[in-house]
Amino acid sequence: MSSPPGYAQAAVEQVADVASDPSADRTARRVIPQRHPWRWVAAAGVAVLAAMAINALITNPFFQWDRFGYWFTRPVVLQGLWITLKVTAAAAVLGFIGALVLAVARLSSNPLLRAASWAYTWLFRSIPLIVILLFLVNFGALYKTISLGVPFGPEFVRFDESRLATDIALAIIGLSLAEAAYGSEVVRAGILSVDQGQHEAAAALGLPKRYQFRRIVLPQALRSIVPNFVNQLIGLIKASSLVFYVSLLDLFGQVQTLGSTYPGDIIPLLLVATVWYVILTSALSVVQFYVERHYARGAVRTLPPTPLQRLRAVIGRKQVTA
C-alpha cells in the first residue's frame with residue numbers, strides 16, 4: 001500500500017528542514033498522545049462508588065466496629081483461626097501429593113491405572129464436600145475397625161476406627177480426598193502443556209523416566225500448575241468452613257458458636273470471619289506471585305517486577321523529574 005505523494009513530499013521536506021537547521025524548535029513536531037476521556041469518566045465513576053461503599057461501612061452503626069475490634073484478636077477466635085490453618089495446610093499438602101499421583105496414573109500407559117484414576121476423579125468430583133465429611137463422621141457405623149492383610153484371608157494389622165478418627169483427622173481426610181480429585185486435573189493439564197519436544201529431547205539423552213519427570217517435565221509444568229492450583233487452595237480455605245459440621249471448631253465454627261452465645265454481635269462476628277478469610281487469601285496470593293515469578297525464569301526475557309521494585313522505580317522517576 002503506497003503513501004499519498006503529498007505526504008511523502010512533506011516528510012522529505014520536514015527531514016531536510018531538521019537536518020539543515022539543528023537548532024529548530026522540535027517541540028512543535030512532537031507526537032501528541034491520544035486522549036482517552038472515557039477512561040477518566042469510568043475511573044471517576046469507580047472512585048465515587050468506592051467512596052460511597054466506604055462511607056456506608058464507616059457510618060452505619062449496625063456494623064458495630066467497636067465490637068469488631070473487641071472480637072478480632074480474642075483468643076477463642078485465634079484458636080479457631082489456628083485450626084483452620086492446620087487443616088488447610090495439611091489438606092493442601094496431602095491433596096497436592098494425591099493430585100500428582102492421580103495425574104501420573106491418568107497419563108500412564110497402564111489401562112488399569114488410567115481407569116482407577118479416572119474413576120476416583122469422577123467419583124469425588126461428583127459428591128459435594130459436605131456429603132463426604134458427613135459420610136466420614138458416620139464411617140464408624142459401617143466399620144468398627146480397619147485392618148490390613150490378605151483379602152478374604154488373614155489380617156496383619158488392625159486399627160480401632162474410633163481412636164484414629166478424631167475430628168481434625170476426619171476434616172483433613174475429607175478435604176484431602178476432594179482436593180486430590182480436583183487438583184489432579186490441574187496437574188494433568190500442566191503436564192500436558194509441556195512441549196512434546198522436551199520429552200523427546202530428554203528421551204534422546206537417555207535420561208531415566210523419573211529424572212525426566214522430576215528435573216525437566218515437572219518444573220516446566222509448574223508454570224501452568226501454580227496459578228490454577230493456588231486458585232484451588234483459595235477455594236480450599238473457604239471450603240474449610242464446612243468442617244464445622246463435623247464438630248470441629250475452626251474459625252467459622254468459633255464465630256458461629258459465639259454468635260449463638262452473643263446474638264447482639266452476630267454482624268461484627270461475621271465481619272471478623274470475613275476479614276480473616278480475606279487476610280489468608282491475600283497472603284496466599286502474595287505467595288503465588290513469587291512462586292510464579294520463580295518458575296517463570298527461562299520462560300520470559302524479563303521477570304515481572306516485585307512490588308518493592310515498582311516502588312523504587314516510581315521513587316526514582318519522581319527524583320529525576322524533580
# chains A, B, ... in the order shown; residues from 1 in each chain; ligands from 1

call {"tool": "residues_around", "arguments": {"residues": "range 252-269 of chain A", "least_positions_apart": "3", "cutoff": "8 Å", "atoms": "only C-alpha atoms", "output": "VMD selection string"}}
result
chain A and resid 62 to 65 67 to 68 71 76 to 77 80 241 243 to 244 248 to 249 272 to 273

call {"tool": "select_by_dssp", "arguments": {"residues": "range 38-279 of chain A", "states": "alpha helix (DSSP H)", "output": "ChimeraX atom specification"}}
result
/A:38-59,65-72,75-106,111-126,129-137,139-142,161-164,167-192,196-204,209-211,218-239,251-261,266-279

call {"tool": "atom_distance", "arguments": {"atom1": "CA of Asn60 in chain A", "atom2": "CA of Val278 in chain A"}}
result
21.2 Å

call {"tool": "atom_distance", "arguments": {"atom1": "CA of Leu134 in chain A", "atom2": "CA of Gln232 in chain A"}}
result
21.7 Å

call {"tool": "residues_around", "arguments": {"residues": "range 307-310 of chain A", "least_positions_apart": "4", "cutoff": "12 Å", "atoms": "only C-alpha atoms", "output": "list in words"}}
result
Val286, Phe289, Tyr290, Leu303, Val314, Ile315, Gly316 and Arg317 of chain A

call {"tool": "atom_distance", "arguments": {"atom1": "CA of Pro304 in chain A", "atom2": "CA of Val287 in chain A"}}
result
14.4 Å

call {"tool": "residues_around", "arguments": {"residues": "Ser184 in chain A", "least_positions_apart": "6", "cutoff": "6 Å", "atoms": "only C-alpha atoms", "output": "PDB file with N, CA and C atoms, in the first residue's frame"}}
result
ATOM      1  N   ALA A  99      -3.055 -35.460  44.069  1.00  0.00           N
ATOM      2  CA  ALA A  99      -3.315 -34.978  42.712  1.00  0.00           C
ATOM      3  C   ALA A  99      -2.183 -35.364  41.772  1.00  0.00           C
ATOM      4  N   LEU A 102      -2.483 -39.114  41.032  1.00  0.00           N
ATOM      5  CA  LEU A 102      -3.612 -39.371  40.141  1.00  0.00           C
ATOM      6  C   LEU A 102      -3.332 -38.901  38.720  1.00  0.00           C
ATOM      7  N   ALA A 103      -2.663 -37.749  38.583  1.00  0.00           N
ATOM      8  CA  ALA A 103      -2.367 -37.243  37.246  1.00  0.00           C
ATOM      9  C   ALA A 103      -1.378 -38.148  36.518  1.00  0.00           C
TER      10      ALA A 103
END
